[in-house]
Protein chains: 2
Amino acid sequence: MSKLKNKDNLAKEIELIEKMVAGDQLSLARLISVVERESSDTPELMRQVYPNIGKAFSIGITGPPGAGKSSLVDRLTSIIRSKGITVGIVAVDPTSPFSGGAVLGDRIRMQQHYLDEGVFIRSMATRGSLGGLPKTTRDVMKLFDAFGKDVILVETVGVGQTELDILEAVDSVVVVLVPESGDTIQTMKAGLLEIANVFSVNKADRPGADQLVVELENMLHQGPKKEGWQVPVIPTQAINDIGTSELWEAIAAHRGMLEETGQLDTKRRHRRRTELIETVQQRIVGRLWSLVQGDDEFSHHLDSVDRGEIDPYSAYINILNDQKLLETWLAKLSEATS
Amino acid sequence: MSKLKNKDNLAKEIELIEKMVAGDQLSLARLISVVERESSDTPELMRQVYPNIGKAFSIGITGPPGAGKSSLVDRLTSIIRSKGITVGIVAVDPTSPFSGGAVLGDRIRMQQHYLDEGVFIRSMATRGSLGGLPKTTRDVMKLFDAFGKDVILVETVGVGQTELDILEAVDSVVVVLVPESGDTIQTMKAGLLEIANVFSVNKADRPGADQLVVELENMLHQGPKKEGWQVPVIPTQAINDIGTSELWEAIAAHRGMLEETGQLDTKRRHRRRTELIETVQQRIVGRLWSLVQGDDEFSHHLDSVDRGEIDPYSAYINILNDQKLLETWLAKLSEATS
């Protein structure tokens, strides 16, 4: 009964893909929700979406809170739209639920674009995603691509592991800094120097901006030049729409380089590889884990730990030495996957 | 040879434990470094540490960036030290490497305590920890406990999943808000209402502070009272050392309640259980994964995806349907664990 219902759902979702590819915004929104639920249908859905992707160019915009990323995204969107290009925006803030309010506030500034059919904005929820955020973000990007968006902007705060995983999936990374974000050494520590394809020094009218530009340029010249690309540092004032065209041109130049040198293909090939690895990891390894959790013998170990009869680390070492228990788990996994 | 070397290392590390338990700060610092490297020795080390833990009371301090958490930790440390109690501090900022500078700056304010033998401060690195941060933080807390610290303060920014995992390991959670962090609805969304045992409304001299106190109190009174504990809301001005004694008293009252009702024991029992689950998950499931990654057949699938002959999701579905491949993987796992 429940299996029938699942099949029914899947059929409906596949219908949504057809409608979405034909340009239906509502179907796109619905599919995003399906993907966000991390449903077991996702691999099958993505398999159906796959033939329709590969045309969109994706740009990640990252930087510290308060750097003005949302304003920059807003201005870039205006520039993109003025060229008749369509855009999908994913705003991800996995780091802090506190800034939920700010993100919402920022989105209000985007209001002009809400009325524009050529712009689709999605803010990604952070809580409850249980580590799947990078994967979900990438799936949403694929949906935007299959829908026919020319450009995808992905806005993230910070560069923890989650954000680095997200940024691995974009073609071009813009790192936004402000004079107050200060120490360029921090930038290096944060690994931003390695991932940035373009730097924007925003709020460039503030004291310290010129110095930050010079410091970044010095750091960039000291390191080895990245495969035919000298990372540019663009001073911007998103609020006053100053430097934003130059920023867009720098991104476009990076795209041109990626396409001409074949690096774009290499990047995307690597990305497909990562996708297979992650899908297998999530689903097969995850299945072993759920088996172990439901196992009686394991419950017995847990209860001993619970009662304080043994410490958790001794219990773990006992489990590792219990060859019979491990074999039982493997047999169960074999059963479950057959 | 390498196995011998490992045994040698382990013997040295166990020697460090003896010295640490006897009060040697340098051995403590070295063991923290071992634990931070997430070495395979960790379960054995923790097994040896375990008999020495359980005396420390741990307090989590969390809140948005700029709420003044570090100043509060500084003042609380002074209060704790004035009572002759020793303290270990773990400052964790997994969310943003950008704030690394700020954390460093904050730590400078703690300078007075650096000279105090009764205080041990450790800032946790964020990059490269690959999701193991909550586990590493808990291990460091155990080392502090075994070393003999009476109180452990854990300072974290934000409440993403990583921070929630960290806060699960403390006995008492203080959530610090400031009038500017604004919307109490955000607080609810962020799940802070559920995890807070004490609220501190810091920078309480600023406009909106009184209102925030009232709003929080209203929200707290609407919800069900938590097992014999009415979460207090304490206005503080850490910078001026106002309200900090009241905050400490509120924490002490919460501790008293936990001890009297037996909730402290329940919490810690639950924590031991979680520890076993996580250790098994990390190590056994991780082992399966490393086997899959090194498998020739899987490499073959990866290469096909790489060359664009098949999309990653179709490849995944093929793997799932390849019973023989799955059996090979399980056989290998069985071999590796024997």
# chains A, B, ... in the order shown; residues from 1 in each chain; ligands from 1
call {"tool": "residues_around", "arguments": {"residues": "stretch 28-42 of chain A", "least_positions_apart": "6", "cutoff": "12 Å", "atoms": "only C-alpha atoms", "output": "MDAnalysis selection string"}}
result
(chainID A and resid 3 6:22 48:50 88 90 120:149 279 282:283) or (chainID B and resid 313:314 316:317)
call {"tool": "atom_distance", "arguments": {"atom1": "atom CA of A:Gly262", "atom2": "atom CA of A:Leu76"}}
result
25.6 Å
call {"tool": "atom_distance", "arguments": {"atom1": "atom CA of A:Asp116", "atom2": "atom CA of A:Gly256"}}
result
27.2 Å
call {"tool": "residues_around", "arguments": {"residues": "A:Ala253", "least_positions_apart": "2", "cutoff": "12 Å", "atoms": "only C-alpha atoms", "output": "CSV table (one decimal) with C-alpha atoms, in the first residue's frame"}}
result
chain,number,residue,atom,x,y,z
A,172,SER,CA,33.1,30.8,-10.3
A,197,ASN,CA,38.3,33.5,-8.4
A,198,VAL,CA,37.4,37.1,-8.0
A,228,GLY,CA,46.1,31.0,-16.5
A,229,TRP,CA,44.1,33.3,-14.2
A,230,GLN,CA,45.2,36.2,-12.1
A,231,VAL,CA,42.5,36.7,-9.4
A,232,PRO,CA,41.4,40.3,-9.7
A,246,GLU,CA,33.4,45.9,-13.2
A,247,LEU,CA,32.7,43.0,-10.9
A,248,TRP,CA,30.3,41.5,-13.4
A,249,GLU,CA,32.9,41.9,-16.2
A,250,ALA,CA,35.5,40.2,-14.0
A,251,ILE,CA,33.2,37.2,-13.5
A,255,ARG,CA,33.9,32.4,-17.3
A,256,GLY,CA,35.5,33.1,-20.7
A,257,MET,CA,38.8,31.7,-19.4
A,258,LEU,CA,37.2,28.6,-18.0
A,259,GLU,CA,35.5,27.9,-21.3
A,260,GLU,CA,38.5,28.6,-23.5
call {"tool": "select_by_dssp", "arguments": {"residues": "stretch 159-326 of chain B", "states": "alpha helix (DSSP H)", "output": "PyMOL selection string"}}
result
chain B and resi 161-167+184-189+192-195+209-222+244-261+263-280+286-293+296-306+312-321+323-326
call {"tool": "write_last_selection", "arguments": {"atoms": "C-alpha atoms", "output": "compact mmCIF listing (two decimals), in the first residue's frame"}}
result
# COMPACT_ATOMS: atom_id res chain seq x y z
CA GLN B 161 23.66 21.56 13.98
CA THR B 162 27.35 21.52 14.97
CA GLU B 163 26.72 23.86 17.90
CA LEU B 164 23.62 21.98 19.01
CA ASP B 165 25.71 18.80 19.03
CA ILE B 166 28.31 20.57 21.15
CA LEU B 167 25.72 21.96 23.56
CA THR B 184 12.43 36.94 19.67
CA ILE B 185 10.66 34.94 16.98
CA GLN B 186 14.08 34.25 15.50
CA THR B 187 15.14 32.96 18.87
CA MET B 188 12.31 30.50 18.81
CA LYS B 189 13.00 29.45 15.24
CA LEU B 192 17.11 28.45 21.48
CA LEU B 193 14.02 28.37 23.62
CA GLU B 194 14.33 24.60 23.92
CA ILE B 195 18.01 24.46 24.75
CA ALA B 209 16.75 45.58 26.38
CA ASP B 210 13.84 45.80 28.80
CA GLN B 211 11.42 44.89 26.05
CA LEU B 212 13.53 41.88 25.06
CA VAL B 213 13.55 40.69 28.69
CA VAL B 214 9.76 40.98 28.87
CA GLU B 215 9.24 39.25 25.51
CA LEU B 216 11.50 36.37 26.47
CA GLU B 217 9.77 36.00 29.82
CA ASN B 218 6.38 35.95 28.12
CA MET B 219 7.50 33.29 25.68
CA LEU B 220 8.99 31.23 28.48
CA HIS B 221 5.81 31.42 30.54
CA GLN B 222 3.67 30.34 27.62
CA THR B 244 27.15 38.93 36.13
CA SER B 245 26.94 37.75 39.75
CA GLU B 246 23.19 37.26 39.26
CA LEU B 247 23.95 35.27 36.10
CA TRP B 248 26.39 33.07 38.01
CA GLU B 249 23.82 32.54 40.76
CA ALA B 250 21.22 31.52 38.18
CA ILE B 251 23.63 28.96 36.72
CA ALA B 252 24.43 27.68 40.21
CA ALA B 253 20.70 27.37 40.94
CA HIS B 254 20.22 25.37 37.77
CA ARG B 255 23.08 23.12 38.78
CA GLY B 256 21.53 22.64 42.21
CA MET B 257 18.21 21.66 40.66
CA LEU B 258 19.91 19.18 38.28
CA GLU B 259 21.73 17.54 41.17
CA GLU B 260 18.77 17.40 43.54
CA THR B 261 16.29 15.98 41.02
CA GLN B 263 18.48 15.07 36.18
CA LEU B 264 22.25 15.52 36.08
CA ASP B 265 22.72 11.75 36.28
CA THR B 266 20.11 11.16 33.58
CA LYS B 267 21.77 13.71 31.30
CA ARG B 268 25.16 12.16 31.73
CA ARG B 269 23.85 8.64 31.21
CA HIS B 270 22.26 9.74 27.98
CA ARG B 271 25.55 11.31 26.98
CA ARG B 272 27.50 8.11 27.50
CA ARG B 273 25.01 6.33 25.26
CA THR B 274 25.46 8.94 22.53
CA GLU B 275 29.19 8.55 22.79
CA LEU B 276 29.07 4.85 22.04
CA ILE B 277 26.69 5.39 19.13
CA GLU B 278 28.91 8.07 17.62
CA THR B 279 32.13 6.13 18.06
CA VAL B 280 30.68 3.07 16.33
CA GLY B 286 33.74 4.95 8.15
CA ARG B 287 35.68 1.75 7.53
CA LEU B 288 33.05 0.46 5.11
CA TRP B 289 33.26 3.73 3.30
CA SER B 290 37.01 3.65 2.87
CA LEU B 291 36.70 0.13 1.46
CA VAL B 292 34.10 1.22 -1.08
CA GLN B 293 36.26 4.14 -2.15
CA ASP B 296 38.14 -1.31 -8.42
CA GLU B 297 34.57 -1.86 -9.51
CA PHE B 298 33.53 1.43 -7.95
CA SER B 299 36.44 3.18 -9.68
CA HIS B 300 35.12 1.79 -12.94
CA HIS B 301 31.71 3.36 -12.27
CA LEU B 302 33.41 6.62 -11.32
CA ASP B 303 35.40 6.67 -14.56
CA SER B 304 32.28 6.17 -16.66
CA VAL B 305 30.68 9.11 -14.88
CA ASP B 306 33.87 11.09 -15.33
CA PRO B 312 25.94 9.93 -11.56
CA TYR B 313 22.40 9.07 -10.53
CA SER B 314 21.95 6.34 -13.13
CA ALA B 315 25.34 4.97 -12.03
CA TYR B 316 24.15 4.94 -8.42
CA ILE B 317 20.98 3.09 -9.36
CA ASN B 318 23.09 0.56 -11.29
CA ILE B 319 25.31 0.01 -8.25
CA LEU B 320 22.28 -0.53 -6.03
CA ASN B 321 21.00 -3.17 -8.46
CA GLN B 323 23.95 -7.55 -5.95
CA LYS B 324 27.35 -9.08 -6.68
CA LEU B 325 29.16 -5.80 -6.17
CA LEU B 326 27.45 -5.18 -2.85
call {"tool": "residues_around", "arguments": {"residues": "stretch 77-79 of chain A", "least_positions_apart": "4", "cutoff": "9 Å", "atoms": "only C-alpha atoms", "output": "PyMOL selection string"}}
result
chain A and resi 72-73+83+86-87+89+113+119+153+244-245+248
call {"tool": "select_by_dssp", "arguments": {"residues": "stretch 225-263 of chain B", "states": "strand (DSSP E or B)", "output": "MDAnalysis selection string"}}
result
chainID B and resid 226 229 233:235 237 242
call {"tool": "write_last_selection", "arguments": {"atoms": "N, CA and C atoms", "output": "mmCIF file, in the first residue's frame"}}
result
data_model
loop_
_atom_site.group_PDB
_atom_site.id
_atom_site.type_symbol
_atom_site.label_atom_id
_atom_site.label_comp_id
_atom_site.auth_asym_id
_atom_site.auth_seq_id
_atom_site.Cartn_x
_atom_site.Cartn_y
_atom_site.Cartn_z
ATOM 1 N N LYS B 226 9.847 23.558 32.177
ATOM 2 C CA LYS B 226 10.768 22.432 31.982
ATOM 3 C C LYS B 226 11.036 21.732 33.297
ATOM 4 N N TRP B 229 11.947 23.546 36.418
ATOM 5 C CA TRP B 229 12.870 24.664 36.253
ATOM 6 C C TRP B 229 12.239 25.770 35.416
ATOM 7 N N VAL B 233 15.551 34.948 33.027
ATOM 8 C CA VAL B 233 16.119 35.893 32.055
ATOM 9 C C VAL B 233 16.878 36.956 32.838
ATOM 10 N N ILE B 234 18.195 36.991 32.698
ATOM 11 C CA ILE B 234 19.034 37.879 33.510
ATOM 12 C C ILE B 234 19.589 39.014 32.654
ATOM 13 N N PRO B 235 19.228 40.277 32.977
ATOM 14 C CA PRO B 235 19.845 41.399 32.260
ATOM 15 C C PRO B 235 21.294 41.547 32.723
ATOM 16 N N GLN B 237 25.365 43.492 31.897
ATOM 17 C CA GLN B 237 26.263 44.358 31.129
ATOM 18 C C GLN B 237 27.669 43.850 31.425
ATOM 19 N N ILE B 242 27.966 44.319 35.381
ATOM 20 C CA ILE B 242 26.661 44.441 36.032
ATOM 21 C C ILE B 242 25.820 43.201 35.693
#
call {"tool": "closest_residue", "arguments": {"among": "B:Ala196, B:Ala67, B:Ala56, B:Val173", "to": "chain A", "atoms": "only C-alpha atoms"}}
result
B:Ala67
call {"tool": "closest_residue", "arguments": {"among": "A:Lys55, A:Arg206, A:Arg75, A:Arg47", "to": "chain B", "atoms": "only C-alpha atoms"}}
result
A:Arg47
call {"tool": "closest_residue", "arguments": {"among": "A:Pro65, A:Gly60, A:Pro179, A:Gly243", "to": "chain B", "atoms": "only C-alpha atoms"}}
result
A:Pro65
call {"tool": "closest_residue", "arguments": {"among": "A:Asn52, A:Thr236, A:Ser58, A:Asn202", "to": "chain B", "atoms": "only C-alpha atoms"}}
result
A:Asn52
call {"tool": "atom_distance", "arguments": {"atom1": "atom CA of A:Thr156", "atom2": "atom CA of A:Asp205"}}
result
23.7 Å
call {"tool": "closest_residue", "arguments": {"among": "B:Ala238, B:Ile80, B:Val175, B:Ala204", "to": "chain A", "atoms": "only C-alpha atoms"}}
result
B:Val175
